[in-house]
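*Asks:* Below you'll find the structure I mean.
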Amino acid sequence: MNRRRFLGTGLAVATVATTGVATAAPGPRGRRPLFLGTYTSQPGGGKGIGLATYDEETGAVTGVGTLGGVPDPSYLAAHPSGRTLYAVNEREQGGVTAIALSPDGDHRVLGTRGTGGAGPCHLSVHPGGRWLLSANYTSGSVAVHPVEASGALGERTDLVTHSTPPPGPGQQGPHAHQIVTAPDGRYVLAVDLGTDTVYTYRLDTKAGKGKLSRVSYATVRPGAGPRHLAFHPSGRFAYVACELDNTVVVCGYDPETGRLSPGEPQSTGTRPGVTSYPAQPVVTADGSFAFLANRGDNSLTRYAVERAGARLRLLDTVPVGGDFPRHIALAPSGRLLFAANQRSGSVSVFRVDGRTGELALAGKPFGAPTAVCALPL
């Protein structure tokens, strides 16, 4: 897992709750919750999940505390109901933790379940809200857990290791980096950096089985190192960020079969001579623009989405205002974009122009130790 962490200096933020329960006063009207992922086991890292609020109009972030008792919560996802938060525990004995969210900030850890693998780095909730999907980076596997009525997690129902095709150049094995559900909910896709492959699975949701069955897989060019993908709202295209060759790939997607068809690699627009690792792509809700975080170049790329999603046209890049942007996310309103900067221990907030997609930094970045995930709700 050392290659994944690229650690830098962290900054202190807010106050720490060490009991697994964080108490924070509710934000004033117009402010919404922001949750921050970090590494707790590293020097300068966080003490748990960072709790903050943000102003929808100005983008200003205010820290309100820390939820302790959650080790190495490097990636976060919310249940569709908004009542439960889930975090990976990115450790050798990987786990996923469920947290009950309270409107008054009195959030409560519901418990942790093992993922059956090492170094889980991504998770997502199936659209129906009954299943949690997670990706074990170090062991190259994906796991399924049932979600109970309370939001707590049941025992793991499946674990699938990526065994074919063989690892790509320079890789010692598979490295599952992301697992998401296609927009129509029919198939689940897992991105594996180690095998240069995106796998498509069918999730059996009947009778509580929670089993994955592979239906197809698509490979990008050897050594590309696919990391994360983002779907176009049409559900017919996906954009894959390739970490190792500094490219993005537009892929066609067939909702009927779940088959992904990669196109040619495209430029990220980063500066020549600067080693850069693309991280997280996101697409606006109307499908007009896509953004990409570039670690190393420390920038955000803006693309115009054309031909109903089939084409990305590079528009520009802007400085992210921090070091090593590991994760980006759009606010539900689409008017703000958050970037978690791992090495500088900060979160940058940008205003998004709905007409042009242009990004404008909204004030000074917010200090957050080893910020690796920003989840605005």
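Ligands are numbered from 1 in the order shown, residues from 1 within each chain, and chains are lettered A, B, ... in the order they appear in the structure tokens.
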Mind running region 117-193 of chain A against region 231-246 of chain A at 12 Å and telling me each contacting residue's nearest atom pair with the distance in Å (one decimal), counting only C-alpha atoms, chain and number ascending, as CSV?
*Replies:*
residue,atom,partner,partner_atom,distance
A:Gly168,CA,A:Leu244,CA,11.0
A:Pro169,CA,A:Leu244,CA,10.5
A:Gly170,CA,A:Leu244,CA,10.5
A:Gln171,CA,A:Leu244,CA,11.1
A:His177,CA,A:Glu243,CA,10.7
A:Gln178,CA,A:Val240,CA,10.9
A:Val180,CA,A:Phe231,CA,9.6
A:Thr181,CA,A:Phe231,CA,9.6
A:Ala182,CA,A:Gly235,CA,6.9
A:Pro183,CA,A:Gly235,CA,5.5
A:Asp184,CA,A:Gly235,CA,7.1
A:Gly185,CA,A:Gly235,CA,10.0
A:Arg186,CA,A:Gly235,CA,10.8
A:Tyr187,CA,A:Gly235,CA,11.2
A:Leu189,CA,A:Ala238,CA,10.7
A:Ala190,CA,A:Val240,CA,11.4
A:Val191,CA,A:Val240,CA,8.7
A:Asp192,CA,A:Cys242,CA,10.3
A:Leu193,CA,A:Glu243,CA,8.0
*Asks:* With C-alpha atoms retained, write the just-selected residues as an mmCIF file, in the first residue's frame.
*Replies:*
data_model
loop_
_atom_site.group_PDB
_atom_site.id
_atom_site.type_symbol
_atom_site.label_atom_id
_atom_site.label_comp_id
_atom_site.auth_asym_id
_atom_site.auth_seq_id
_atom_site.Cartn_x
_atom_site.Cartn_y
_atom_site.Cartn_z
ATOM 1 C CA GLY A 168 0.028 -5.538 -16.699
ATOM 2 C CA PRO A 169 3.643 -4.332 -17.141
ATOM 3 C CA GLY A 170 5.351 -3.607 -13.830
ATOM 4 C CA GLN A 171 2.481 -5.033 -11.762
ATOM 5 C CA HIS A 177 -9.352 0.495 -7.447
ATOM 6 C CA GLN A 178 -13.056 1.220 -7.867
ATOM 7 C CA VAL A 180 -19.564 1.307 -9.140
ATOM 8 C CA THR A 181 -23.022 0.528 -10.483
ATOM 9 C CA ALA A 182 -24.012 1.607 -13.991
ATOM 10 C CA PRO A 183 -26.620 4.415 -14.070
ATOM 11 C CA ASP A 184 -29.525 2.068 -14.837
ATOM 12 C CA GLY A 185 -28.596 -0.233 -11.952
ATOM 13 C CA ARG A 186 -28.336 -3.306 -14.147
ATOM 14 C CA TYR A 187 -24.592 -4.026 -13.927
ATOM 15 C CA LEU A 189 -18.280 -2.309 -12.953
ATOM 16 C CA ALA A 190 -14.919 -2.760 -11.232
ATOM 17 C CA VAL A 191 -11.789 -0.911 -12.361
ATOM 18 C CA ASP A 192 -8.494 -2.761 -11.806
ATOM 19 C CA LEU A 193 -5.218 -0.849 -12.112
#
*Asks:* Counting only C-alpha atoms, what is within 10 Å of Thr161 (chain A), bar same-chain residues fewer than 3 positions away, as a list in words?
*Replies:*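 Surrounding residues, per the criterion: Gly117, Ala135, Asn136, Ser139, Gly140, Ser141, Val142, Ala143, Thr164, Pro174, His175 and Ala176 of chain A.
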*Asks:* Tell me which protein, DNA and RNA residues are within 9 Å of Ala98 (chain A), counting only C-alpha atoms, leaving out same-chain ones fewer than 6 positions away, and put them as a VMD selection string.
*Replies:* chain A and resid 84 to 87 108 to 113 151 to 153
*Asks:* Which residues are close to Phe350 (chain A), i.e. within 6 Å by only C-alpha atoms, leaving aside same-chain residues fewer than 4 positions away? Reply as a PyMOL selection string.
*Replies:* chain A and resi 336-337+359-362
*Asks:* Since we have the selection now, will you write its residues out, keeping N, CA, C and O atoms, as an mmCIF file, in the first residue's frame?
*Replies:*
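The result, written out as again_13.cif:
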data_model
loop_
_atom_site.group_PDB
_atom_site.id
_atom_site.type_symbol
_atom_site.label_atom_id
_atom_site.label_comp_id
_atom_site.auth_asym_id
_atom_site.auth_seq_id
_atom_site.Cartn_x
_atom_site.Cartn_y
_atom_site.Cartn_z
ATOM 1 N N LEU A 336 -20.666 23.775 -7.011
ATOM 2 C CA LEU A 336 -19.365 23.758 -6.350
ATOM 3 C C LEU A 336 -18.655 22.451 -6.636
ATOM 4 O O LEU A 336 -19.294 21.396 -6.764
ATOM 5 N N LEU A 337 -17.315 22.520 -6.729
ATOM 6 C CA LEU A 337 -16.485 21.328 -6.867
ATOM 7 C C LEU A 337 -15.452 21.342 -5.752
ATOM 8 O O LEU A 337 -14.812 22.366 -5.503
ATOM 9 N N LEU A 359 -13.992 26.988 -13.871
ATOM 10 C CA LEU A 359 -13.776 26.809 -12.441
ATOM 11 C C LEU A 359 -13.100 28.040 -11.867
ATOM 12 O O LEU A 359 -12.118 28.530 -12.424
ATOM 13 N N ALA A 360 -13.609 28.530 -10.742
ATOM 14 C CA ALA A 360 -13.022 29.676 -10.054
ATOM 15 C C ALA A 360 -12.856 29.325 -8.586
ATOM 16 O O ALA A 360 -13.821 28.939 -7.913
ATOM 17 N N LEU A 361 -11.636 29.440 -8.084
ATOM 18 C CA LEU A 361 -11.349 29.098 -6.694
ATOM 19 C C LEU A 361 -12.155 29.990 -5.758
ATOM 20 O O LEU A 361 -12.162 31.212 -5.886
ATOM 21 N N ALA A 362 -12.857 29.358 -4.817
ATOM 22 C CA ALA A 362 -13.717 30.086 -3.882
ATOM 23 C C ALA A 362 -12.989 30.281 -2.566
ATOM 24 O O ALA A 362 -13.230 29.568 -1.587
#
*Asks:* Using Å and a single decimal, report how far CA of Arg221 (chain A) sits from CA of Gln342 (chain A).
*Replies:*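 Rounded to one decimal, the two atoms are 27.9 Å apart.
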*Asks:* Restricting the calculation to only C-alpha atoms, which member of A:Gln42, A:Arg343, A:Gly223, A:Ala329 is positioned closest to Leu375 (chain A)?
*Replies:*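 Of A:Gln42, A:Arg343, A:Gly223, A:Ala329, the one nearest Leu375 (chain A) is A:Ala329, counting only C-alpha atoms.
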*Asks:* Could you name the residues that touch Gly258 (chain A) at 7 Å or less, counting only C-alpha atoms, but leaving out those on the same chain fewer than 4 positions away, as a PyMOL selection string?
*Replies:* chain A and resi 187+200+253-254
*Asks:* For those residues, write N, CA and C atoms to a file as an mmCIF file, in the first residue's frame.
*Replies:*
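Wrote it out as selection_19.cif, contents follow:
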data_model
loop_
_atom_site.group_PDB
_atom_site.id
_atom_site.type_symbol
_atom_site.label_atom_id
_atom_site.label_comp_id
_atom_site.auth_asym_id
_atom_site.auth_seq_id
_atom_site.Cartn_x
_atom_site.Cartn_y
_atom_site.Cartn_z
ATOM 1 N N TYR A 187 -25.896 -3.370 -14.068
ATOM 2 C CA TYR A 187 -24.592 -4.026 -13.927
ATOM 3 C C TYR A 187 -23.692 -3.237 -12.980
ATOM 4 N N THR A 200 -17.101 -6.182 -15.780
ATOM 5 C CA THR A 200 -18.543 -5.992 -15.622
ATOM 6 C C THR A 200 -19.146 -7.220 -14.949
ATOM 7 N N TYR A 253 -20.571 2.300 -23.793
ATOM 8 C CA TYR A 253 -21.141 1.347 -22.848
ATOM 9 C C TYR A 253 -22.507 0.899 -23.353
ATOM 10 N N ASP A 254 -22.711 -0.406 -23.384
ATOM 11 C CA ASP A 254 -23.977 -0.979 -23.821
ATOM 12 C C ASP A 254 -24.793 -1.373 -22.586
#
*Asks:* With only C-alpha atoms as the basis for distance, which of A:Thr115, A:Phe338, A:Ser288, A:Glu358 is at the shortest distance from Thr317 (chain A)?
*Replies:* A:Glu358
*Asks:* Find the residues near Ala149 (chain A): any atom within 12 Å, counting only C-alpha atoms, skip ones fewer than 3 places away on the same chain, and give them as number ranges by chain.
*Replies:* A: 79, 81, 83-84, 100, 129-131, 146, 152-154
*Asks:* Kindly save the residues from that selection, with N, CA and C atoms included, as a compact mmCIF listing (two decimals), in the first residue's frame.
*Replies:*
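out.txt, freshly written:
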# COMPACT_ATOMS: atom_id res chain seq x y z
N HIS A 79 -25.35 6.53 1.88
CA HIS A 79 -26.51 5.75 1.48
C HIS A 79 -27.48 6.67 0.73
N SER A 81 -30.48 7.18 1.09
CA SER A 81 -31.40 7.82 2.02
C SER A 81 -30.80 9.04 2.70
N ARG A 83 -29.10 8.84 5.37
CA ARG A 83 -29.09 8.59 6.82
C ARG A 83 -27.86 7.82 7.30
N THR A 84 -27.08 7.27 6.37
CA THR A 84 -25.92 6.45 6.76
C THR A 84 -24.73 6.81 5.88
N ALA A 100 -24.21 5.96 11.42
CA ALA A 100 -25.55 6.55 11.39
C ALA A 100 -25.41 8.06 11.50
N GLY A 129 -29.99 0.63 -2.41
CA GLY A 129 -29.68 0.87 -1.01
C GLY A 129 -29.53 -0.38 -0.17
N ARG A 130 -29.56 -1.57 -0.77
CA ARG A 130 -29.53 -2.81 0.01
C ARG A 130 -28.16 -3.49 0.01
N TRP A 131 -27.22 -2.98 -0.78
CA TRP A 131 -25.92 -3.63 -0.90
C TRP A 131 -24.80 -2.60 -0.91
N PRO A 146 -24.44 -6.95 2.62
CA PRO A 146 -25.83 -6.49 2.68
C PRO A 146 -25.97 -5.30 3.62
N ALA A 152 -26.79 -0.48 9.13
CA ALA A 152 -25.64 -1.31 9.50
C ALA A 152 -25.38 -2.37 8.42
N LEU A 153 -24.20 -2.94 8.46
CA LEU A 153 -23.80 -3.91 7.45
C LEU A 153 -23.88 -5.33 7.99
N GLY A 154 -24.35 -6.25 7.14
CA GLY A 154 -24.35 -7.65 7.48
C GLY A 154 -23.04 -8.31 7.07
*Asks:* Need to verify the contact set: region 211-216 of chain A, 6 Å, only C-alpha atoms, exclusion of same-chain residues closer than 3 positions in sequence. Can you return it as a VMD selection string?
*Replies:* chain A and resid 158 200 to 204
*Asks:* Work out how far CA of Leu229 (chain A) is from CA of Val305 (chain A), in Å to one decimal.
*Replies:*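 A separation of 14.9 Å between them.
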*Asks:* DSSP on the backbone, then: every residue of region 294-360 of chain A marked strand (DSSP E or B), written as JSON, numbers by chain.
*Replies:* {"A": [294, 295, 299, 300, 301, 302, 303, 304, 305, 306, 311, 312, 313, 314, 315, 316, 317, 318, 319, 325, 326, 327, 328, 329, 330, 336, 337, 338, 339, 340, 341, 346, 347, 348, 349, 350, 351, 352, 359, 360]}
*Asks:* Using only C-alpha atoms, pick whichever of A:Pro33, A:Gly225, A:Pro365, A:Gly46 has the shortest atom-to-atom distance to Val70 (chain A).
*Replies:* A:Gly46
*Asks:* With only C-alpha atoms as the atoms that count, which of A:Leu76, A:Val160, A:Val96, A:Leu34 lies nearest to Gly119 (chain A)?
*Replies:* A:Val96
*Asks:* Looking at only C-alpha atoms, which of A:Thr205, A:Thr62, A:Thr219, A:Ser344 is the one that sits closest to Gly128 (chain A)?
*Replies:* A:Thr205
*Asks:* Return the single residue from A:Ala339, A:Ala60, A:Ala310, A:Ile179 that is closest to Asp323 (chain A), with distances computed using only C-alpha atoms.
*Replies:*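 Smallest separation from Asp323 (chain A) among the options: A:Ala339.
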